[in-house]
file query-v1.pdb (PDB, C-alpha atoms and all ligand atoms)
ATOM      1  CA  MET A   1       0.000   0.000   0.000
ATOM      2  CA  ASN A   2       1.176   3.495  -0.913
ATOM      3  CA  ASP A   3       2.236   5.832   1.981
ATOM      4  CA  THR A   4      -0.345   8.503   1.138
ATOM      5  CA  TYR A   5      -3.133   5.933   1.090
ATOM      6  CA  ARG A   6      -1.877   4.328   4.315
ATOM      7  CA  LYS A   7      -1.964   7.736   6.057
ATOM      8  CA  LEU A   8      -5.480   8.270   4.768
ATOM      9  CA  THR A   9      -6.724   4.933   6.083
ATOM     10  CA  THR A  10      -5.066   5.599   9.453
ATOM     11  CA  CYS A  11      -6.935   8.931   9.651
ATOM     12  CA  LEU A  12     -10.184   7.239   8.622
ATOM     13  CA  GLU A  13      -9.770   4.572  11.326
ATOM     14  CA  SER A  14      -9.084   7.347  13.840
ATOM     15  CA  VAL A  15     -12.324   9.119  12.826
ATOM     16  CA  ARG A  16     -14.302   5.872  12.768
ATOM     17  CA  ALA A  17     -13.172   5.085  16.327
ATOM     18  CA  LYS A  18     -14.997   8.274  17.367
ATOM     19  CA  THR A  19     -18.041   8.380  15.106
ATOM     20  CA  ASP A  20     -19.817   6.302  12.478
ATOM     21  CA  PHE A  21     -21.607   9.384  11.104
ATOM     22  CA  LYS A  22     -22.109   9.065   7.326
ATOM     23  CA  PRO A  23     -22.168  12.465   5.612
ATOM     24  CA  GLU A  24     -23.871  12.939   2.271
ATOM     25  CA  ALA A  25     -22.229  16.269   1.617
ATOM     26  CA  ALA A  26     -18.929  17.812   2.677
ATOM     27  CA  LEU A  27     -18.386  21.523   3.181
ATOM     28  CA  ILE A  28     -15.085  23.366   3.456
ATOM     29  CA  LEU A  29     -15.332  26.772   5.100
ATOM     30  CA  GLY A  30     -13.215  29.691   3.950
ATOM     31  CA  SER A  31     -12.301  32.931   5.733
ATOM     32  CA  GLY A  32     -15.211  34.614   7.490
ATOM     33  CA  LEU A  33     -17.366  31.500   7.370
ATOM     34  CA  GLY A  34     -15.604  29.642  10.160
ATOM     35  CA  ASP A  35     -18.462  30.010  12.626
ATOM     36  CA  TYR A  36     -21.025  28.605  10.155
ATOM     37  CA  ALA A  37     -20.390  25.166  11.630
ATOM     38  CA  ASP A  38     -21.329  26.397  15.126
ATOM     39  CA  GLY A  39     -24.822  27.218  13.857
ATOM     40  CA  ILE A  40     -25.777  23.871  12.325
ATOM     41  CA  ARG A  41     -27.553  21.002  14.124
ATOM     42  CA  ILE A  42     -24.362  19.406  15.471
ATOM     43  CA  GLU A  43     -24.206  15.678  16.069
ATOM     44  CA  THR A  44     -20.545  15.510  17.023
ATOM     45  CA  ALA A  45     -17.197  17.186  16.328
ATOM     46  CA  ILE A  46     -13.629  15.952  16.123
ATOM     47  CA  ASP A  47     -10.594  18.235  16.525
ATOM     48  CA  TYR A  48      -7.956  17.692  13.855
ATOM     49  CA  THR A  49      -5.424  17.155  16.640
ATOM     50  CA  GLU A  50      -7.359  14.042  17.723
ATOM     51  CA  ILE A  51      -6.867  12.415  14.318
ATOM     52  CA  GLU A  52      -3.674  10.411  13.963
ATOM     53  CA  GLY A  53      -1.509  11.700  11.110
ATOM     54  CA  PHE A  54      -3.765  14.647  10.287
ATOM     55  CA  PRO A  55      -2.069  17.891   9.115
ATOM     56  CA  THR A  56      -3.132  20.555  11.641
ATOM     57  CA  SER A  57      -3.774  24.134  10.534
ATOM     58  CA  THR A  58      -1.689  27.060  11.747
ATOM     59  CA  VAL A  59      -3.670  29.985  10.297
ATOM     60  CA  ALA A  60      -4.933  32.545  12.822
ATOM     61  CA  GLY A  61      -8.723  32.616  12.966
ATOM     62  CA  HIS A  62      -9.116  29.045  11.716
ATOM     63  CA  LYS A  63     -10.481  26.509  14.158
ATOM     64  CA  GLY A  64      -9.327  23.065  13.266
ATOM     65  CA  ARG A  65     -12.085  20.497  13.480
ATOM     66  CA  PHE A  66     -14.577  18.390  11.583
ATOM     67  CA  VAL A  67     -18.158  19.123  12.565
ATOM     68  CA  PHE A  68     -20.713  16.408  11.828
ATOM     69  CA  GLY A  69     -24.353  17.380  11.744
ATOM     70  CA  TYR A  70     -27.355  18.363   9.675
ATOM     71  CA  VAL A  71     -28.113  21.313   7.405
ATOM     72  CA  GLN A  72     -31.747  21.236   6.281
ATOM     73  CA  ASP A  73     -31.822  17.526   7.273
ATOM     74  CA  VAL A  74     -28.882  16.728   4.983
ATOM     75  CA  PRO A  75     -26.130  14.875   6.874
ATOM     76  CA  VAL A  76     -22.969  16.928   6.420
ATOM     77  CA  VAL A  77     -19.364  16.995   7.488
ATOM     78  CA  VAL A  78     -17.986  20.520   7.769
ATOM     79  CA  MET A  79     -14.288  21.397   7.779
ATOM     80  CA  GLN A  80     -13.925  24.285  10.175
ATOM     81  CA  GLY A  81     -10.431  25.385   9.156
ATOM     82  CA  ARG A  82      -8.663  24.033   6.086
ATOM     83  CA  VAL A  83      -5.072  23.104   5.390
ATOM     84  CA  HIS A  84      -3.135  25.404   3.028
ATOM     85  CA  TYR A  85      -0.096  24.592   0.923
ATOM     86  CA  TYR A  86       1.680  27.746   2.168
ATOM     87  CA  GLU A  87       1.710  26.295   5.693
ATOM     88  CA  GLY A  88       4.441  23.963   4.486
ATOM     89  CA  TYR A  89       2.598  20.680   4.032
ATOM     90  CA  PRO A  90       3.147  18.566   0.940
ATOM     91  CA  MET A  91       0.247  18.885  -1.507
ATOM     92  CA  GLN A  92      -0.824  15.287  -0.711
ATOM     93  CA  ASP A  93      -1.377  16.380   2.908
ATOM     94  CA  VAL A  94      -3.234  19.532   1.847
ATOM     95  CA  VAL A  95      -5.871  17.413   0.109
ATOM     96  CA  LEU A  96      -5.909  14.640   2.724
ATOM     97  CA  PRO A  97      -8.925  16.122   4.567
ATOM     98  CA  THR A  98     -10.889  16.347   1.302
ATOM     99  CA  ARG A  99     -10.121  12.731   0.474
ATOM    100  CA  LEU A 100     -10.926  11.723   4.033
ATOM    101  CA  MET A 101     -14.393  13.287   3.797
ATOM    102  CA  GLY A 102     -14.885  11.373   0.552
ATOM    103  CA  LEU A 103     -13.921   8.135   2.298
ATOM    104  CA  MET A 104     -16.320   8.970   5.145
ATOM    105  CA  GLY A 105     -19.039   8.715   2.520
ATOM    106  CA  ALA A 106     -19.591  12.257   1.207
ATOM    107  CA  LYS A 107     -20.662  12.239  -2.430
ATOM    108  CA  LYS A 108     -20.842  16.001  -2.851
ATOM    109  CA  LEU A 109     -18.388  18.728  -1.936
ATOM    110  CA  VAL A 110     -19.140  22.409  -1.417
ATOM    111  CA  LEU A 111     -16.006  24.560  -1.414
ATOM    112  CA  THR A 112     -15.875  28.134  -0.155
ATOM    113  CA  ASN A 113     -13.065  30.631   0.053
ATOM    114  CA  ALA A 114     -12.007  34.253   0.204
ATOM    115  CA  ALA A 115     -10.477  35.465  -3.040
ATOM    116  CA  GLY A 116      -9.061  38.541  -4.703
ATOM    117  CA  GLY A 117     -11.016  39.984  -7.605
ATOM    118  CA  VAL A 118      -9.125  39.955 -10.893
ATOM    119  CA  ASN A 119     -12.156  40.733 -13.039
ATOM    120  CA  PRO A 120     -12.449  44.551 -12.917
ATOM    121  CA  ASP A 121     -16.269  44.276 -12.859
ATOM    122  CA  PHE A 122     -16.114  42.615  -9.434
ATOM    123  CA  ARG A 123     -16.322  44.534  -6.163
ATOM    124  CA  PRO A 124     -15.180  43.578  -2.644
ATOM    125  CA  GLY A 125     -18.045  41.771  -0.935
ATOM    126  CA  CYS A 126     -19.484  40.159  -4.052
ATOM    127  CA  PHE A 127     -19.752  36.406  -4.570
ATOM    128  CA  MET A 128     -18.402  34.366  -7.468
ATOM    129  CA  LEU A 129     -19.603  30.920  -8.468
ATOM    130  CA  LEU A 130     -16.647  28.917  -9.757
ATOM    131  CA  THR A 131     -17.117  27.753 -13.332
ATOM    132  CA  ASP A 132     -13.583  26.415 -13.681
ATOM    133  CA  HIS A 133     -10.082  26.824 -12.294
ATOM    134  CA  ILE A 134      -6.425  27.196 -13.257
ATOM    135  CA  THR A 135      -3.835  25.330 -11.175
ATOM    136  CA  THR A 136      -0.742  26.168 -13.221
ATOM    137  CA  GLY A 137       0.704  28.051 -10.236
ATOM    138  CA  ILE A 138       0.706  25.084  -7.838
ATOM    139  CA  PRO A 139       1.954  21.478  -7.850
ATOM    140  CA  SER A 140      -0.774  18.944  -8.645
ATOM    141  CA  PRO A 141      -2.016  17.003  -5.598
ATOM    142  CA  LEU A 142      -2.216  13.963  -7.884
ATOM    143  CA  ILE A 143       1.555  13.817  -8.534
ATOM    144  CA  GLY A 144       3.162  10.601  -7.278
ATOM    145  CA  ALA A 145       2.020   7.010  -7.459
ATOM    146  CA  ASN A 146      -1.657   7.008  -8.368
ATOM    147  CA  LEU A 147      -4.022   5.992  -5.577
ATOM    148  CA  GLU A 148      -5.863   3.350  -7.601
ATOM    149  CA  GLU A 149      -8.272   2.858  -4.679
ATOM    150  CA  LEU A 150      -9.494   6.429  -5.219
ATOM    151  CA  GLY A 151      -9.445   7.093  -8.944
ATOM    152  CA  PRO A 152      -7.692   6.842 -12.309
ATOM    153  CA  ARG A 153      -4.141   7.915 -13.190
ATOM    154  CA  PHE A 154      -5.320  10.465 -15.744
ATOM    155  CA  PRO A 155      -8.628  11.846 -14.465
ATOM    156  CA  ASP A 156     -10.851  13.971 -16.683
ATOM    157  CA  MET A 157     -11.167  17.591 -15.509
ATOM    158  CA  SER A 158     -13.521  18.917 -18.172
ATOM    159  CA  GLU A 159     -16.286  19.699 -15.659
ATOM    160  CA  VAL A 160     -14.664  20.121 -12.259
ATOM    161  CA  TYR A 161     -17.494  22.325 -10.978
ATOM    162  CA  SER A 162     -20.760  20.484 -11.594
ATOM    163  CA  LEU A 163     -23.069  22.176 -14.054
ATOM    164  CA  ARG A 164     -26.022  20.606 -12.250
ATOM    165  CA  MET A 165     -24.978  22.129  -8.925
ATOM    166  CA  ARG A 166     -24.173  25.473 -10.544
ATOM    167  CA  GLU A 167     -27.695  25.758 -11.918
ATOM    168  CA  ILE A 168     -29.116  25.032  -8.454
ATOM    169  CA  ILE A 169     -26.817  27.582  -6.790
ATOM    170  CA  LYS A 170     -27.755  30.295  -9.291
ATOM    171  CA  LEU A 171     -31.433  29.623  -8.681
ATOM    172  CA  GLU A 172     -31.037  29.703  -4.883
ATOM    173  CA  ALA A 173     -29.011  32.947  -5.043
ATOM    174  CA  GLU A 174     -31.718  34.512  -7.177
ATOM    175  CA  LYS A 175     -34.429  33.419  -4.739
ATOM    176  CA  LEU A 176     -32.481  34.994  -1.878
ATOM    177  CA  ASP A 177     -31.780  38.117  -3.906
ATOM    178  CA  ILE A 178     -28.026  37.594  -3.529
ATOM    179  CA  PRO A 179     -26.094  38.809  -6.596
ATOM    180  CA  LEU A 180     -23.833  36.033  -7.834
ATOM    181  CA  ARG A 181     -21.113  36.435 -10.458
ATOM    182  CA  GLU A 182     -19.464  33.539 -12.237
ATOM    183  CA  GLY A 183     -15.854  33.010 -13.129
ATOM    184  CA  VAL A 184     -12.581  31.153 -13.213
ATOM    185  CA  TYR A 185     -10.546  30.784 -10.023
ATOM    186  CA  VAL A 186      -6.751  30.830 -10.225
ATOM    187  CA  GLN A 187      -4.850  29.187  -7.360
ATOM    188  CA  PHE A 188      -1.347  30.260  -6.401
ATOM    189  CA  THR A 189       0.694  28.996  -3.478
ATOM    190  CA  GLY A 190       0.686  32.174  -1.378
ATOM    191  CA  PRO A 191       1.381  33.175   1.347
ATOM    192  CA  ALA A 192       2.445  36.440  -0.317
ATOM    193  CA  TYR A 193      -0.323  38.105  -2.242
ATOM    194  CA  GLU A 194       0.270  38.259  -5.982
ATOM    195  CA  THR A 195       2.182  41.045  -7.706
ATOM    196  CA  PRO A 196       0.320  43.333 -10.127
ATOM    197  CA  ALA A 197       2.149  41.594 -13.015
ATOM    198  CA  GLU A 198       0.930  38.189 -11.816
ATOM    199  CA  VAL A 199      -2.594  39.530 -11.570
ATOM    200  CA  ARG A 200      -2.382  40.889 -15.149
ATOM    201  CA  MET A 201      -1.187  37.430 -16.194
ATOM    202  CA  CYS A 202      -4.234  35.853 -14.476
ATOM    203  CA  ARG A 203      -6.494  38.141 -16.455
ATOM    204  CA  LEU A 204      -4.759  37.186 -19.720
ATOM    205  CA  TRP A 205      -5.154  33.521 -18.774
ATOM    206  CA  GLY A 206      -8.895  34.046 -18.413
ATOM    207  CA  GLY A 207      -8.997  34.186 -14.615
ATOM    208  CA  ASP A 208     -11.574  36.172 -12.656
ATOM    209  CA  ALA A 209     -10.409  35.629  -9.086
ATOM    210  CA  VAL A 210      -7.232  34.552  -7.350
ATOM    211  CA  GLY A 211      -6.663  32.679  -4.122
ATOM    212  CA  MET A 212      -4.541  30.236  -2.138
ATOM    213  CA  SER A 213      -6.818  27.206  -1.761
ATOM    214  CA  THR A 214      -9.765  25.333  -3.255
ATOM    215  CA  ALA A 215      -8.626  24.279  -6.739
ATOM    216  CA  CYS A 216      -6.290  21.572  -5.375
ATOM    217  CA  GLU A 217      -9.143  20.266  -3.192
ATOM    218  CA  ALA A 218     -11.528  20.309  -6.148
ATOM    219  CA  MET A 219      -8.999  18.361  -8.213
ATOM    220  CA  ALA A 220      -8.516  15.681  -5.527
ATOM    221  CA  ALA A 221     -12.286  15.409  -5.052
ATOM    222  CA  ARG A 222     -12.937  15.020  -8.784
ATOM    223  CA  HIS A 223     -10.202  12.381  -8.953
ATOM    224  CA  MET A 224     -12.251  10.261  -6.548
ATOM    225  CA  GLY A 225     -15.540  11.005  -8.298
ATOM    226  CA  LEU A 226     -17.160  13.514  -5.929
ATOM    227  CA  GLU A 227     -19.527  16.089  -7.381
ATOM    228  CA  VAL A 228     -18.008  19.490  -6.652
ATOM    229  CA  CYS A 229     -19.097  23.121  -6.507
ATOM    230  CA  GLY A 230     -17.345  26.241  -5.258
ATOM    231  CA  ILE A 231     -18.223  29.780  -4.229
ATOM    232  CA  SER A 232     -15.730  32.592  -3.602
ATOM    233  CA  CYS A 233     -16.286  35.650  -1.513
ATOM    234  CA  ILE A 234     -14.394  38.439  -3.277
ATOM    235  CA  THR A 235     -12.873  40.135  -0.245
ATOM    236  CA  ASN A 236     -10.629  42.599  -2.081
ATOM    237  CA  MET A 237      -9.556  43.575  -5.542
ATOM    238  CA  ALA A 238      -6.340  41.744  -6.465
ATOM    239  CA  ALA A 239      -3.017  43.598  -6.422
ATOM    240  CA  GLY A 240      -2.731  46.375  -8.992
ATOM    241  CA  ILE A 241      -6.461  46.373  -9.821
ATOM    242  CA  SER A 242      -6.944  48.894  -7.067
ATOM    243  CA  LYS A 243      -4.146  51.147  -5.824
ATOM    244  CA  GLN A 244      -4.581  50.006  -2.230
ATOM    245  CA  PRO A 245      -1.935  47.643  -0.777
ATOM    246  CA  LEU A 246      -3.361  44.253   0.255
ATOM    247  CA  ASP A 247      -3.889  43.462   3.881
ATOM    248  CA  HIS A 248      -5.172  40.274   5.545
ATOM    249  CA  LYS A 249      -7.238  42.509   7.860
ATOM    250  CA  GLU A 250      -9.185  43.869   4.874
ATOM    251  CA  VAL A 251      -9.783  40.305   3.665
ATOM    252  CA  GLN A 252     -11.177  39.308   7.059
ATOM    253  CA  GLU A 253     -13.247  42.465   7.459
ATOM    254  CA  THR A 254     -14.953  42.041   4.077
ATOM    255  CA  ALA A 255     -15.521  38.330   4.683
ATOM    256  CA  ASP A 256     -17.098  39.117   8.061
ATOM    257  CA  ARG A 257     -19.251  41.901   6.596
ATOM    258  CA  VAL A 258     -20.966  39.600   4.091
ATOM    259  CA  SER A 259     -20.818  36.367   6.076
ATOM    260  CA  ALA A 260     -24.546  36.417   6.978
ATOM    261  CA  GLN A 261     -25.452  36.444   3.277
ATOM    262  CA  PHE A 262     -22.841  33.813   2.495
ATOM    263  CA  LYS A 263     -24.229  31.525   5.229
ATOM    264  CA  GLU A 264     -27.774  31.997   3.994
ATOM    265  CA  LEU A 265     -26.718  30.973   0.493
ATOM    266  CA  ILE A 266     -24.748  27.929   1.686
ATOM    267  CA  THR A 267     -27.679  26.687   3.782
ATOM    268  CA  ALA A 268     -30.094  27.023   0.860
ATOM    269  CA  VAL A 269     -27.634  25.320  -1.487
ATOM    270  CA  ILE A 270     -26.985  22.312   0.767
ATOM    271  CA  GLY A 271     -30.721  21.751   1.095
ATOM    272  CA  LYS A 272     -31.060  21.503  -2.678
ATOM    273  CA  ILE A 273     -27.952  19.751  -3.999
TER     274      ILE A 273
HETATM  275  N1  LIG B   1      -4.951  36.935  -3.431
HETATM  276  C1  LIG B   1      -4.839  35.675  -2.999
HETATM  277  N2  LIG B   1      -5.605  35.164  -2.054
HETATM  278  C2  LIG B   1      -6.554  35.944  -1.520
HETATM  279  C3  LIG B   1      -6.746  37.264  -1.932
HETATM  280  C4  LIG B   1      -5.899  37.796  -2.961
HETATM  281  O1  LIG B   1      -5.991  38.966  -3.382
HETATM  282  N3  LIG B   1      -7.773  37.765  -1.202
HETATM  283  C5  LIG B   1      -8.196  36.766  -0.394
HETATM  284  N4  LIG B   1      -7.469  35.652  -0.576
END

call {"tool": "encode", "arguments": {"input": "query-v1.pdb", "output": "structure tokens"}}
result
Amino acid sequence: MNDTYRKLTTCLESVRAKTDFKPEAALILGSGLGDYADGIRIETAIDYTEIEGFPTSTVAGHKGRFVFGYVQDVPVVVMQGRVHYYEGYPMQDVVLPTRLMGLMGAKKLVLTNAAGGVNPDFRPGCFMLLTDHITTGIPSPLIGANLEELGPRFPDMSEVYSLRMREIIKLEAEKLDIPLREGVYVQFTGPAYETPAEVRMCRLWGGDAVGMSTACEAMAARHMGLEVCGISCITNMAAGISKQPLDHKEVQETADRVSAQFKELITAVIGKI
């Protein structure tokens, strides 16, 4: 058995020793949404530190735990705090939690994040439904021996973000009167924000938003056949689009300002997907 797969099964056994909860959907919470998990009907929670071999998050403001419970009667597992590549973990570890939620039984994955707006029509505080992504700026989480137990060596990525789910999300956003843009998410490693030249490059590539997470998780989830969707909260305009220097405080403040709307949308979406 491959080392990555062995680590994954060790983590799964560690979770299974604590709960046999079977989620239908998995949700990864981005900046500003961390407390969403506190508001759901919680069945049980497991701190990442209690899971043998689990990469534990170091980012300020991120709680590190899986919350198991129900959103609109749908059994869900929620990642309260994700693992980022810039924290120093190998990419296989960054996507371990995503794969673990798949092995717990989740068939659907809802990804959320905070992102910088590259599309000049965007404004801080608006939401973007991911239609596709570009991962050229990061190593692939699928590099290394293929985990045959999870998926194929050369997985198709022609519809990473499910068209079916996207239609549902657009409908729910409309019903809630929440304006929702659509676009392509570009992932870079971080932790430094991009330079204006990199942001211009993103625009030329066809990118609409830039961030430091999500696309690698979406790729790992698609590899194992999960149905995936993603929503970004545009917390700031990317470097060079506005004259203002970037600041993590601004990112958090914007995310917090619109978090009630974001939560409302996520709840409606989980009930329908
Ligand atoms: N760049 C990268 N990641 C981000 C940004 C950004 O401008 N804003 C929030 N996350």

call {"tool": "resolve_selection", "arguments": {"input": "query-v1.pdb", "expression": "the PyMOL selection byres (((not hetatm)) within 7 of (chain B and resi 1))", "output": "PyMOL selection string"}}
result
chain A and resi 114-117+190+193-194+210-212+234-239+246+251

call {"tool": "write_last_selection", "arguments": {"input": "query-v1.pdb", "atoms": "C-alpha atoms", "output": "PDB file, keeping the file's coordinate frame"}}
result
ATOM      1  CA  ALA A 114     -12.007  34.253   0.204  1.00  0.00           C
ATOM      2  CA  ALA A 115     -10.477  35.465  -3.040  1.00  0.00           C
ATOM      3  CA  GLY A 116      -9.061  38.541  -4.703  1.00  0.00           C
ATOM      4  CA  GLY A 117     -11.016  39.984  -7.605  1.00  0.00           C
ATOM      5  CA  GLY A 190       0.686  32.174  -1.378  1.00  0.00           C
ATOM      6  CA  TYR A 193      -0.323  38.105  -2.242  1.00  0.00           C
ATOM      7  CA  GLU A 194       0.270  38.259  -5.982  1.00  0.00           C
ATOM      8  CA  VAL A 210      -7.232  34.552  -7.350  1.00  0.00           C
ATOM      9  CA  GLY A 211      -6.663  32.679  -4.122  1.00  0.00           C
ATOM     10  CA  MET A 212      -4.541  30.236  -2.138  1.00  0.00           C
ATOM     11  CA  ILE A 234     -14.394  38.439  -3.277  1.00  0.00           C
ATOM     12  CA  THR A 235     -12.873  40.135  -0.245  1.00  0.00           C
ATOM     13  CA  ASN A 236     -10.629  42.599  -2.081  1.00  0.00           C
ATOM     14  CA  MET A 237      -9.556  43.575  -5.542  1.00  0.00           C
ATOM     15  CA  ALA A 238      -6.340  41.744  -6.465  1.00  0.00           C
ATOM     16  CA  ALA A 239      -3.017  43.598  -6.422  1.00  0.00           C
ATOM     17  CA  LEU A 246      -3.361  44.253   0.255  1.00  0.00           C
ATOM     18  CA  VAL A 251      -9.783  40.305   3.665  1.00  0.00           C
TER      19      VAL A 251
END

call {"tool": "resolve_selection", "arguments": {"input": "query-v1.pdb", "expression": "the PyMOL selection byres (((chain A and resi 121-136) around 6) and not hetatm)", "output": "VMD selection string"}}
result
chain A and resid 119 to 120 137 to 138 161 180 to 187 230 to 236 254

call {"tool": "residues_around", "arguments": {"input": "query-v1.pdb", "residues": "range 62-77 of chain A", "least_positions_apart": "5", "cutoff": "7 Å", "atoms": "only C-alpha atoms", "output": "PyMOL selection string"}}
result
chain A and resi 23-27+34+37+40-48+56-57+267+270-271

call {"tool": "resolve_selection", "arguments": {"input": "query-v1.pdb", "expression": "the PyMOL selection byres (((chain A and resi 10) around 12) and not hetatm)", "output": "list in words"}}
result
Asp3, Thr4, Tyr5, Arg6, Lys7, Leu8, Thr9, Cys11, Leu12, Glu13, Ser14, Val15, Arg16, Ala17, Ile51, Glu52, Gly53, Phe54, Leu96, Leu100 and Leu103 of chain A

call {"tool": "closest_residue", "arguments": {"input": "query-v1.pdb", "among": "A:Val199, A:Ala209, A:Cys229, A:Ala215", "to": "Ile266 in chain A", "atoms": "all atoms listed in the file"}}
result
A:Cys229

call {"tool": "atom_distance", "arguments": {"input": "query-v1.pdb", "atom1": "CA of Asp38 in chain A", "atom2": "CA of Gly105 in chain A"}}
result
21.8 Å

call {"tool": "atom_distance", "arguments": {"input": "query-v1.pdb", "atom1": "CA of Gln252 in chain A", "atom2": "CA of Ala106 in chain A"}}
result
28.9 Å

call {"tool": "atom_distance", "arguments": {"input": "query-v1.pdb", "atom1": "CA of Ser158 in chain A", "atom2": "CA of Pro90 in chain A"}}
result
25.4 Å

call {"tool": "closest_residue", "arguments": {"input": "query-v1.pdb", "among": "A:Ala220, A:Val94, A:Val160, A:Ile168", "to": "Lys272 in chain A", "atoms": "all atoms listed in the file"}}
result
A:Ile168

call {"tool": "closest_residue", "arguments": {"input": "query-v1.pdb", "among": "A:Thr112, A:Gln80, A:Thr195, A:Ser31", "to": "Asp256 in chain A", "atoms": "only C-alpha atoms"}}
result
A:Ser31

call {"tool": "axis_aligned_box", "arguments": {"input": "query-v1.pdb", "around": "range 90-93 of chain A", "padding_each_side": "3 Å", "output": "AutoDock Vina command-line options"}}
result
--center_x 0.9 --center_y 17.1 --center_z 0.7 --size_x 10.5 --size_y 9.6 --size_z 10.4

call {"tool": "closest_residue", "arguments": {"input": "query-v1.pdb", "among": "A:Phe21, A:Tyr86, A:Trp205, A:Phe154", "to": "Phe188 in chain A", "atoms": "only C-alpha atoms"}}
result
A:Tyr86

call {"tool": "residues_near_point", "arguments": {"input": "query-v1.pdb", "point": "(4.7, 25.8, 4.4)", "cutoff": "10 Å", "atoms": "only C-alpha atoms", "output": "mmCIF file with C-alpha atoms, keeping the file's coordinate frame"}}
result
data_model
loop_
_atom_site.group_PDB
_atom_site.id
_atom_site.type_symbol
_atom_site.label_atom_id
_atom_site.label_comp_id
_atom_site.auth_asym_id
_atom_site.auth_seq_id
_atom_site.Cartn_x
_atom_site.Cartn_y
_atom_site.Cartn_z
ATOM 1 C CA THR A 58 -1.689 27.060 11.747
ATOM 2 C CA HIS A 84 -3.135 25.404 3.028
ATOM 3 C CA TYR A 85 -0.096 24.592 0.923
ATOM 4 C CA TYR A 86 1.680 27.746 2.168
ATOM 5 C CA GLU A 87 1.710 26.295 5.693
ATOM 6 C CA GLY A 88 4.441 23.963 4.486
ATOM 7 C CA TYR A 89 2.598 20.680 4.032
ATOM 8 C CA PRO A 90 3.147 18.566 0.940
ATOM 9 C CA THR A 189 0.694 28.996 -3.478
ATOM 10 C CA GLY A 190 0.686 32.174 -1.378
ATOM 11 C CA PRO A 191 1.381 33.175 1.347
#

call {"tool": "closest_residue", "arguments": {"input": "query-v1.pdb", "among": "A:Asp177, A:Lys18, A:His223, A:Gly81", "to": "Glu159 in chain A", "atoms": "only C-alpha atoms"}}
result
A:His223

call {"tool": "closest_residue", "arguments": {"input": "query-v1.pdb", "among": "A:Pro141, A:Gly151, A:Gly39, A:Pro55", "to": "Gln92 in chain A", "atoms": "only C-alpha atoms"}}
result
A:Pro141

call {"tool": "decode", "arguments": {"input": "query-v1.pdb", "residues": "range 70-74 of chain A", "atoms": "all heavy atoms", "output": "tab-separated table (two decimals), in the first residue's frame"}}
result
chain	number	residue	atom	x	y	z
A	70	TYR	N	-26.32	18.28	10.70
A	70	TYR	CA	-27.36	18.36	9.67
A	70	TYR	C	-27.61	19.81	9.27
A	70	TYR	O	-27.71	20.68	10.12
A	70	TYR	CB	-28.67	17.75	10.18
A	70	TYR	CG	-28.52	16.27	10.47
A	70	TYR	CD1	-28.07	15.83	11.71
A	70	TYR	CD2	-28.79	15.34	9.47
A	70	TYR	CE1	-27.90	14.48	11.97
A	70	TYR	CE2	-28.62	13.98	9.72
A	70	TYR	CZ	-28.18	13.56	10.97
A	70	TYR	OH	-28.00	12.23	11.22
A	71	VAL	N	-27.68	20.04	7.95
A	71	VAL	CA	-28.11	21.31	7.41
A	71	VAL	C	-29.35	20.98	6.59
A	71	VAL	O	-29.27	20.20	5.64
A	71	VAL	CB	-27.03	21.95	6.50
A	71	VAL	CG1	-27.57	23.21	5.83
A	71	VAL	CG2	-25.77	22.26	7.30
A	72	GLN	N	-30.49	21.55	6.97
A	72	GLN	CA	-31.75	21.24	6.28
A	72	GLN	C	-31.95	19.72	6.15
A	72	GLN	O	-32.31	19.22	5.07
A	72	GLN	CB	-31.76	21.84	4.87
A	72	GLN	CG	-31.38	23.29	4.84
A	72	GLN	CD	-32.49	24.13	4.26
A	72	GLN	OE1	-33.65	23.79	4.34
A	72	GLN	NE2	-32.14	25.25	3.67
A	73	ASP	N	-31.67	18.99	7.22
A	73	ASP	CA	-31.82	17.53	7.27
A	73	ASP	C	-30.83	16.74	6.41
A	73	ASP	O	-30.93	15.52	6.31
A	73	ASP	CB	-33.26	17.10	6.91
A	73	ASP	CG	-34.25	17.51	7.98
A	73	ASP	OD1	-33.83	17.61	9.17
A	73	ASP	OD2	-35.42	17.77	7.65
A	74	VAL	N	-29.91	17.42	5.76
A	74	VAL	CA	-28.88	16.73	4.98
A	74	VAL	C	-27.70	16.44	5.92
A	74	VAL	O	-27.18	17.37	6.55
A	74	VAL	CB	-28.40	17.59	3.78
A	74	VAL	CG1	-27.28	16.87	3.01
A	74	VAL	CG2	-29.56	17.94	2.87
